[in-house]
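Undergrad: Take a look at protein.cif, mmCIF, C-alpha atoms and all ligand atoms:
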```cif
data_target
loop_
_atom_site.label_atom_id
_atom_site.label_comp_id
_atom_site.auth_asym_id
_atom_site.auth_seq_id
_atom_site.Cartn_x
_atom_site.Cartn_y
_atom_site.Cartn_z
CA MET U 1 -8.99 37.44 6.26
CA GLU U 2 -8.97 33.72 5.42
CA ILE U 3 -11.95 32.46 3.43
CA ALA U 4 -13.51 29.31 4.90
CA ASP U 5 -13.16 26.22 2.68
CA THR U 6 -16.74 25.03 2.29
CA ARG U 7 -16.18 22.54 -0.51
CA PRO U 8 -17.78 19.15 0.22
CA ARG U 9 -15.35 16.25 0.55
CA THR U 10 -14.44 15.01 -2.93
CA VAL U 11 -11.85 12.26 -3.13
CA LEU U 12 -9.65 11.20 -6.05
CA VAL U 13 -7.85 7.83 -5.95
CA ILE U 14 -4.99 7.59 -8.47
CA GLY U 15 -4.01 3.99 -9.28
CA ALA U 16 -7.45 2.83 -8.13
CA LEU U 17 -7.43 -0.49 -10.02
CA GLY U 18 -4.43 -1.94 -8.18
CA GLN U 19 -4.20 -4.29 -5.21
CA ILE U 20 -4.69 -1.52 -2.65
CA GLY U 21 -6.62 0.90 -4.85
CA GLN U 22 -9.61 -1.37 -5.41
CA GLU U 23 -10.12 -2.03 -1.72
CA LEU U 24 -9.32 1.51 -0.63
CA THR U 25 -11.77 2.95 -3.17
CA ALA U 26 -14.47 0.59 -1.88
CA GLY U 27 -13.64 1.53 1.73
CA LEU U 28 -13.74 5.26 1.01
CA ARG U 29 -17.00 4.91 -0.93
CA SER U 30 -18.72 3.05 1.86
CA ARG U 31 -17.59 5.77 4.28
CA TYR U 32 -18.15 8.94 2.23
CA GLY U 33 -20.62 7.83 -0.46
CA THR U 34 -19.96 6.33 -3.90
CA GLY U 35 -20.46 9.61 -5.74
CA ARG U 36 -17.91 11.44 -3.57
CA VAL U 37 -15.00 9.17 -4.56
CA ILE U 38 -13.57 9.31 -8.07
CA ALA U 39 -11.47 6.33 -9.11
CA SER U 40 -8.77 6.81 -11.74
CA ASP U 41 -6.13 4.63 -13.35
CA VAL U 42 -4.15 4.43 -16.57
CA ARG U 43 -6.12 1.23 -17.31
CA LEU U 44 -9.84 0.87 -17.83
CA PRO U 45 -11.86 -1.12 -15.28
CA ALA U 46 -13.72 -4.30 -16.28
CA HIS U 47 -16.79 -2.65 -14.76
CA ALA U 48 -16.98 0.68 -12.92
CA GLU U 49 -18.91 0.72 -9.66
CA GLY U 50 -18.82 4.50 -9.36
CA PRO U 51 -17.22 7.56 -10.96
CA PHE U 52 -14.13 6.58 -12.98
CA VAL U 53 -11.70 8.69 -15.04
CA GLN U 54 -8.95 7.14 -17.16
CA LEU U 55 -5.82 9.16 -16.47
CA ASP U 56 -2.07 8.68 -16.76
CA ALA U 57 -0.55 9.90 -13.49
CA LEU U 58 2.32 11.36 -15.55
CA ASP U 59 -0.14 13.71 -17.30
CA ALA U 60 0.34 16.84 -15.18
CA GLU U 61 -2.10 18.95 -17.15
CA GLY U 62 -4.80 16.28 -17.18
CA LEU U 63 -4.48 15.78 -13.42
CA THR U 64 -4.56 19.50 -12.63
CA GLU U 65 -7.61 19.92 -14.84
CA LEU U 66 -9.40 17.01 -13.17
CA LEU U 67 -8.65 18.33 -9.66
CA ARG U 68 -9.99 21.77 -10.65
CA GLN U 69 -13.03 20.56 -12.52
CA GLU U 70 -14.17 18.16 -9.80
CA GLN U 71 -13.06 20.45 -6.94
CA VAL U 72 -11.16 17.56 -5.40
CA THR U 73 -10.37 18.04 -1.71
CA GLU U 74 -8.45 14.78 -1.01
CA VAL U 75 -6.05 12.81 -3.17
CA TYR U 76 -4.81 9.25 -2.59
CA HIS U 77 -1.90 8.69 -4.97
CA LEU U 78 -1.23 4.95 -5.31
CA ALA U 79 0.11 4.60 -8.87
CA ALA U 80 3.60 3.06 -8.82
CA MET U 81 5.83 0.32 -10.12
CA LEU U 82 6.50 -2.12 -7.26
CA SER U 83 9.76 -3.60 -5.94
CA ALA U 84 10.27 -6.79 -7.96
CA LYS U 85 9.06 -5.31 -11.26
CA GLY U 86 11.09 -2.17 -10.55
CA GLU U 87 14.33 -4.16 -10.40
CA GLN U 88 13.58 -5.40 -13.91
CA HIS U 89 12.88 -1.87 -15.20
CA PRO U 90 14.90 0.45 -12.93
CA LEU U 91 14.73 3.69 -14.93
CA GLN U 92 11.05 3.26 -15.74
CA ALA U 93 10.32 2.54 -12.07
CA TRP U 94 12.14 5.70 -11.01
CA ASP U 95 10.34 7.73 -13.66
CA ILE U 96 6.84 6.50 -12.80
CA ASN U 97 7.30 6.55 -9.04
CA MET U 98 9.11 9.88 -8.68
CA ARG U 99 7.66 11.93 -11.48
CA SER U 100 4.06 10.97 -10.71
CA LEU U 101 4.56 11.92 -7.04
CA LEU U 102 6.01 15.34 -7.92
CA ILE U 103 3.20 15.92 -10.41
CA ALA U 104 0.59 14.99 -7.79
CA LEU U 105 2.21 17.17 -5.10
CA GLU U 106 2.38 20.17 -7.45
CA ALA U 107 -1.18 19.68 -8.74
CA ALA U 108 -2.50 19.26 -5.18
CA ARG U 109 -0.72 22.40 -4.00
CA GLY U 110 -1.81 24.42 -7.02
CA THR U 111 -5.50 23.50 -6.82
CA GLY U 112 -6.03 23.78 -3.07
CA VAL U 113 -6.34 20.07 -2.26
CA ARG U 114 -6.86 19.85 1.50
CA ARG U 115 -5.17 16.49 2.15
CA MET U 116 -3.08 14.03 0.20
CA PHE U 117 -2.03 10.43 0.93
CA TRP U 118 0.95 8.70 -0.63
CA PRO U 119 2.26 5.32 0.54
CA SER U 120 5.84 4.47 1.32
CA SER U 121 7.03 0.95 2.09
CA ILE U 122 9.34 -1.27 4.14
CA ALA U 123 11.49 -1.05 1.00
CA ALA U 124 12.62 2.43 2.10
CA PHE U 125 14.78 0.64 4.69
CA GLY U 126 17.98 -1.20 3.80
CA PRO U 127 20.70 -3.53 5.05
CA GLY U 128 22.01 -0.88 7.50
CA THR U 129 18.59 -0.59 9.23
CA PRO U 130 18.23 -2.52 12.53
CA HIS U 131 16.68 -5.81 11.40
CA ASP U 132 14.19 -6.34 14.22
CA GLY U 133 11.84 -3.53 15.17
CA ALA U 134 13.17 -1.00 12.65
CA PRO U 135 12.76 2.34 14.46
CA GLN U 136 10.73 5.24 13.05
CA HIS U 137 13.90 7.31 12.65
CA THR U 138 16.93 5.22 11.74
CA VAL U 139 19.52 4.39 9.09
CA MET U 140 17.75 4.11 5.73
CA ASP U 141 19.94 2.80 2.91
CA PRO U 142 17.58 1.14 0.39
CA SER U 143 19.22 -1.09 -2.21
CA THR U 144 16.37 -1.25 -4.77
CA VAL U 145 15.22 1.45 -7.17
CA TYR U 146 11.76 1.08 -5.67
CA GLY U 147 13.15 1.65 -2.16
CA ILE U 148 15.22 4.64 -3.30
CA SER U 149 12.11 6.15 -4.86
CA LYS U 150 10.13 5.58 -1.64
CA LEU U 151 12.80 7.16 0.56
CA ALA U 152 13.16 10.15 -1.77
CA GLY U 153 9.35 10.38 -1.98
CA GLU U 154 9.03 10.49 1.81
CA HIS U 155 11.33 13.48 1.90
CA TRP U 156 9.49 15.21 -0.93
CA CYS U 157 6.27 14.81 1.06
CA ALA U 158 7.90 16.30 4.17
CA TYR U 159 9.29 19.11 2.00
CA TYR U 160 5.87 20.02 0.58
CA ALA U 161 4.37 19.92 4.08
CA ALA U 162 7.07 22.19 5.54
CA ARG U 163 7.58 24.52 2.60
CA TYR U 164 4.03 24.89 1.24
CA GLY U 165 1.86 23.71 4.13
CA LEU U 166 0.42 20.88 2.00
CA ASP U 167 -1.20 18.40 4.39
CA VAL U 168 0.36 15.27 2.92
CA ARG U 169 0.41 12.05 4.96
CA SER U 170 2.09 8.70 4.46
CA LEU U 171 2.45 5.15 5.79
CA ARG U 172 5.28 2.67 5.35
CA TYR U 173 3.09 -0.27 4.38
CA PRO U 174 4.34 -3.78 5.09
CA GLY U 175 3.58 -6.52 2.51
CA LEU U 176 -0.19 -6.55 2.05
CA ILE U 177 -2.37 -9.65 1.88
CA SER U 178 -5.82 -9.68 0.29
CA TYR U 179 -8.24 -12.24 -1.09
CA LYS U 180 -10.08 -9.65 -3.17
CA THR U 181 -7.30 -8.21 -5.31
CA PRO U 182 -4.16 -9.77 -6.85
CA PRO U 183 -0.73 -8.37 -5.93
CA GLY U 184 1.06 -6.19 -8.49
CA GLY U 185 4.70 -7.36 -8.72
CA GLY U 186 6.12 -6.95 -5.22
CA THR U 187 8.53 -9.08 -3.15
CA THR U 188 5.81 -10.16 -0.72
CA ASP U 189 3.40 -11.45 -3.42
CA TYR U 190 4.13 -15.06 -2.37
CA ALA U 191 1.98 -14.51 0.73
CA VAL U 192 -1.10 -14.13 -1.50
CA HIS U 193 -0.17 -16.71 -4.19
CA ILE U 194 0.31 -19.41 -1.55
CA PHE U 195 -3.37 -19.26 -0.52
CA HIS U 196 -4.63 -19.73 -4.07
CA ALA U 197 -2.23 -22.66 -4.50
CA ALA U 198 -3.32 -24.17 -1.18
CA VAL U 199 -6.94 -24.18 -2.31
CA THR U 200 -6.44 -25.25 -5.93
CA GLU U 201 -3.25 -27.31 -6.20
CA GLU U 202 -2.22 -28.62 -2.77
CA THR U 203 1.37 -27.56 -3.46
CA TYR U 204 3.27 -24.27 -3.81
CA THR U 205 6.81 -23.25 -4.71
CA SER U 206 7.89 -20.14 -2.81
CA PHE U 207 10.20 -17.63 -4.49
CA LEU U 208 11.48 -16.61 -1.02
CA GLY U 209 13.44 -18.99 1.19
CA PRO U 210 11.73 -20.66 4.19
CA ASP U 211 13.25 -18.39 6.87
CA THR U 212 12.87 -14.94 5.31
CA ARG U 213 10.90 -12.99 7.87
CA LEU U 214 9.10 -9.84 6.69
CA PRO U 215 6.53 -7.42 8.11
CA MET U 216 3.10 -8.18 6.65
CA MET U 217 -0.47 -6.94 7.10
CA TYR U 218 -3.97 -8.08 6.22
CA MET U 219 -5.62 -5.63 3.82
CA PRO U 220 -8.57 -4.61 6.06
CA ASP U 221 -6.06 -3.36 8.65
CA ALA U 222 -4.14 -1.43 5.97
CA ILE U 223 -7.29 0.23 4.64
CA ARG U 224 -8.40 1.16 8.15
CA ALA U 225 -4.94 2.55 8.98
CA THR U 226 -5.00 4.67 5.82
CA ILE U 227 -8.42 6.15 6.53
CA GLU U 228 -7.65 6.67 10.23
CA LEU U 229 -4.43 8.51 9.39
CA MET U 230 -6.26 10.68 6.84
CA GLU U 231 -9.04 11.52 9.29
CA ALA U 232 -6.68 12.38 12.19
CA PRO U 233 -6.52 16.07 13.16
CA ALA U 234 -3.54 17.68 11.39
CA GLU U 235 -1.74 18.54 14.63
CA GLN U 236 -1.63 14.83 15.59
CA VAL U 237 0.23 13.93 12.41
CA ARG U 238 3.72 14.76 13.60
CA VAL U 239 5.67 12.52 11.23
CA ARG U 240 5.61 14.12 7.78
CA THR U 241 7.94 11.68 6.06
CA SER U 242 6.06 8.40 6.60
CA TYR U 243 4.81 6.38 9.58
CA ASN U 244 6.06 2.86 10.35
CA LEU U 245 3.07 0.49 10.34
CA GLN U 246 3.37 -3.01 11.79
CA GLY U 247 0.79 -5.81 11.58
CA PHE U 248 2.47 -9.18 12.08
CA SER U 249 5.72 -10.69 10.81
CA PHE U 250 6.23 -14.24 9.54
CA THR U 251 8.47 -16.40 7.36
CA PRO U 252 7.25 -18.46 4.39
CA ALA U 253 7.77 -21.60 6.53
CA GLU U 254 5.61 -20.18 9.32
CA LEU U 255 2.86 -19.18 6.89
CA ALA U 256 3.03 -22.63 5.27
CA ALA U 257 2.74 -24.25 8.73
CA ALA U 258 -0.29 -22.10 9.58
CA ILE U 259 -1.98 -23.22 6.34
CA GLN U 260 -0.95 -26.86 6.92
CA ARG U 261 -2.61 -26.83 10.34
CA ARG U 262 -5.86 -26.28 8.41
CA LEU U 263 -4.99 -28.25 5.24
CA PRO U 264 -2.63 -31.07 6.31
CA SER U 265 -1.99 -32.36 2.77
CA PHE U 266 -0.65 -28.99 1.54
CA THR U 267 3.08 -29.00 0.71
CA VAL U 268 5.54 -26.16 0.01
CA GLN U 269 8.86 -26.19 -1.84
CA TYR U 270 11.39 -23.38 -1.87
CA ALA U 271 13.13 -22.01 -4.97
CA PRO U 272 14.42 -18.55 -3.95
CA ASP U 273 15.02 -16.21 -6.90
CA PHE U 274 16.21 -12.59 -7.23
CA ARG U 275 13.46 -11.49 -4.86
CA GLU U 276 15.23 -13.25 -1.96
CA ALA U 277 18.04 -10.66 -2.07
CA ILE U 278 15.49 -7.82 -2.06
CA ALA U 279 13.69 -9.32 0.93
CA ALA U 280 16.99 -9.91 2.77
CA SER U 281 17.72 -6.17 2.60
CA TRP U 282 14.47 -5.31 4.43
CA PRO U 283 13.79 -5.42 8.18
CA ALA U 284 11.87 -8.33 9.73
CA SER U 285 9.60 -6.00 11.71
CA MET U 286 8.94 -2.31 12.32
CA ASP U 287 8.48 -0.33 15.52
CA ASP U 288 5.21 1.55 14.99
CA GLN U 289 5.09 3.31 18.37
CA ALA U 290 4.88 6.76 16.71
CA ALA U 291 1.71 5.78 14.79
CA ARG U 292 0.21 4.30 17.97
CA GLU U 293 0.96 7.43 20.02
CA ASP U 294 0.19 10.11 17.44
CA TRP U 295 -3.10 8.89 15.95
CA GLY U 296 -3.99 5.76 17.89
CA TRP U 297 -2.98 3.01 15.47
CA ALA U 298 -3.61 -0.59 16.56
CA PRO U 299 -3.81 -3.60 14.20
CA ALA U 300 -6.83 -5.89 14.62
CA TYR U 301 -5.78 -9.08 12.79
CA THR U 302 -3.44 -11.81 14.02
CA LEU U 303 -1.72 -14.21 11.63
CA ASP U 304 -4.21 -16.97 12.51
CA ALA U 305 -7.26 -14.75 12.03
CA MET U 306 -5.90 -13.68 8.62
CA VAL U 307 -5.20 -17.28 7.53
CA ASP U 308 -8.71 -18.42 8.55
CA GLU U 309 -10.37 -15.62 6.60
CA MET U 310 -8.10 -15.93 3.53
CA LEU U 311 -8.74 -19.68 3.20
CA ALA U 312 -12.49 -19.33 3.70
CA GLN U 313 -12.80 -16.51 1.17
CA ILE U 314 -10.48 -17.97 -1.45
CA ARG U 315 -12.35 -21.30 -1.32
CA LEU U 316 -15.45 -19.38 -2.41
CA GLN U 317 -13.57 -18.14 -5.50
CA TYR U 318 -13.02 -21.71 -6.74
CA PRO U 319 -16.46 -23.34 -6.49
CA ALA U 320 -15.22 -26.34 -8.53
CA VAL U 321 -12.84 -27.38 -5.73
CA LEU U 322 -15.29 -26.81 -2.87
CA PRO U 323 -16.00 -30.01 -0.95
CA SER U 324 -19.46 -31.29 -1.87
P1 LIG J 1 -0.51 -2.28 -7.93
O1 LIG J 1 0.62 -2.49 -8.87
O2 LIG J 1 -1.40 -3.42 -7.60
O3 LIG J 1 -1.42 -1.08 -8.47
C1 LIG J 1 -0.91 0.10 -9.01
C2 LIG J 1 -1.98 0.70 -9.89
O4 LIG J 1 -1.43 1.89 -10.47
C3 LIG J 1 -2.37 -0.22 -11.07
O5 LIG J 1 -3.76 -0.33 -11.16
C4 LIG J 1 -1.78 0.47 -12.29
O6 LIG J 1 -2.57 0.31 -13.46
C5 LIG J 1 -1.77 1.92 -11.83
N1 LIG J 1 -0.79 2.71 -12.56
C6 LIG J 1 0.48 2.37 -12.90
N2 LIG J 1 1.03 3.34 -13.60
C7 LIG J 1 0.13 4.33 -13.71
C8 LIG J 1 0.13 5.60 -14.32
N3 LIG J 1 1.17 6.07 -14.99
N4 LIG J 1 -1.01 6.35 -14.21
C9 LIG J 1 -2.10 5.91 -13.56
N5 LIG J 1 -2.15 4.70 -12.96
C10 LIG J 1 -1.04 3.93 -13.04
O7 LIG J 1 0.11 -1.64 -6.60
P2 LIG J 1 -0.48 -1.67 -5.13
O8 LIG J 1 0.02 -2.90 -4.48
O9 LIG J 1 -1.93 -1.38 -5.14
O10 LIG J 1 0.31 -0.46 -4.48
C11 LIG J 1 -0.21 0.85 -4.40
C12 LIG J 1 0.81 1.73 -3.66
O11 LIG J 1 1.09 1.17 -2.38
C13 LIG J 1 2.15 1.87 -4.38
O12 LIG J 1 2.67 3.16 -4.16
C14 LIG J 1 3.00 0.85 -3.68
O13 LIG J 1 4.36 1.20 -3.75
C15 LIG J 1 2.49 0.97 -2.26
N6 LIG J 1 2.77 -0.24 -1.45
C16 LIG J 1 2.16 -1.43 -1.74
C17 LIG J 1 2.45 -2.54 -0.95
C18 LIG J 1 1.78 -3.88 -1.20
O14 LIG J 1 2.10 -4.87 -0.53
N7 LIG J 1 0.84 -3.97 -2.13
C19 LIG J 1 3.36 -2.44 0.10
C20 LIG J 1 3.99 -1.23 0.33
C21 LIG J 1 3.68 -0.12 -0.42
#
```
Any chance you could put this one into structure tokens?
TA:
Amino acid sequence: MEIADTRPRTVLVIGALGQIGQELTAGLRSRYGTGRVIASDVRLPAHAEGPFVQLDALDAEGLTELLRQEQVTEVYHLAAMLSAKGEQHPLQAWDINMRSLLIALEAARGTGVRRMFWPSSIAAFGPGTPHDGAPQHTVMDPSTVYGISKLAGEHWCAYYAARYGLDVRSLRYPGLISYKTPPGGGTTDYAVHIFHAAVTEETYTSFLGPDTRLPMMYMPDAIRATIELMEAPAEQVRVRTSYNLQGFSFTPAELAAAIQRRLPSFTVQYAPDFREAIAASWPASMDDQAAREDWGWAPAYTLDAMVDEMLAQIRLQYPAVLPS
């Protein structure tokens, strides 16, 4: 006879001080209660707004102990080295990204975690993937270490789901844009930097060329997608590698034009660097029909709504440049 799992929901966020982790932790806390969500990171926070445990995601014993001690029922594993930084430290990126995922999967399985979330990325696709509307199931030939680790990770998640019945779920996030948290070394970071430059300096030099179109998403949509996926009944989650997730797609020139419509004196130059080749290997948009059908995904923000909110919020961060 199966014994009912009566443990109250206790959430652990690994990599909670990063661009996504800070906002996801806040979102989970407002939904489930501050005390029910433990934040953890290898770094220490400037100030903790709830339970925090300093933990290296490569410390298998420490993680297992924490999951047991706190009777954690849900894990969000966000610790990783991102695409651009990963190309500068390929072996370290592979080690952090892969080993920490396997450690988390094993610890979750061994301690009876009910659900686990781990994000994949558009970087799991490659030059052989159809460029527009990359399908859910398609050619995936990533050319970065980060992308290789994401593609391998997706299959490890599916393996743990099939072999051990671990309820692990995943999204292929597009580039994420937030005014609250700085980006952590990815190829889409320009789409956050440009707003700070627009407010403080009136000029910006983009490290991607003007016409490089990529799938992007405003952070509130990404947080909502993550929580909606994690709250969906298990039988609705039919993709156990990772779901395509599309918000909107734009080029640096189109984003610059959207900002210039609001700030006409803002100018943008282009000086593409090594990140241009990374971006060129990724699709311009994703087909997220499977996410829409399986668990009802629909983005809320348009490009214009995102630009309005980003400019308004970032202005508040620089009171010295606010118009009097
Ligand atoms: P980030 O770099 O901003 O944050 C990562 C966090 O992990 C940092 O706080 C870092 O201190 C922590 N960390 C690193 N190594 C650790 C370790 N060994 N132990 C514990 N913590 C460690 O990254 P992010 O943008 O928040 O991304 C989170 C996840 O989402 C990653 O898996 C990333 O690949 C994925 N993702 C992000 C984006 C994006 O646009 N931000 C897009 C696609 C996928």
Undergrad: Go through U:Asn97, U:Ser265, U:Gln54, U:Gln71 one by one, measure the shortest atom-to-atom distance of each to U:Ile148 using all atoms listed in the file, and give the residue with the smallest value.
TA: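 Of all the options, U:Asn97 lies closest to U:Ile148.
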Undergrad: Show me, as a ChimeraX atom specification, the residues that have an atom within 7 Å of U:Asp132 when counting all atoms listed in the file, minus same-chain residues fewer than 2 positions from it.
TA: /U:130,134,283-286
Undergrad: What's the separation between atom CA of U:Thr25 and atom CA of U:Gln69, in Å to one decimal place?
TA: 20.0 Å
Undergrad: Restricting the calculation to only C-alpha atoms and all ligand atoms: of U:Val145, U:Met310, U:Leu28, U:Ala320, which residue gets closest to ligand LIG 1 (chain J)?
TA: U:Val145
Undergrad: Distance limit 7 Å, reference ligand LIG 1 (chain J), atoms considered: all atoms listed in the file. Which residues make the cut? Give them as a ChimeraX atom specification.
TA: /U:14-21,40-43,55-58,78-82,96,118-122,172-177,182-186,188
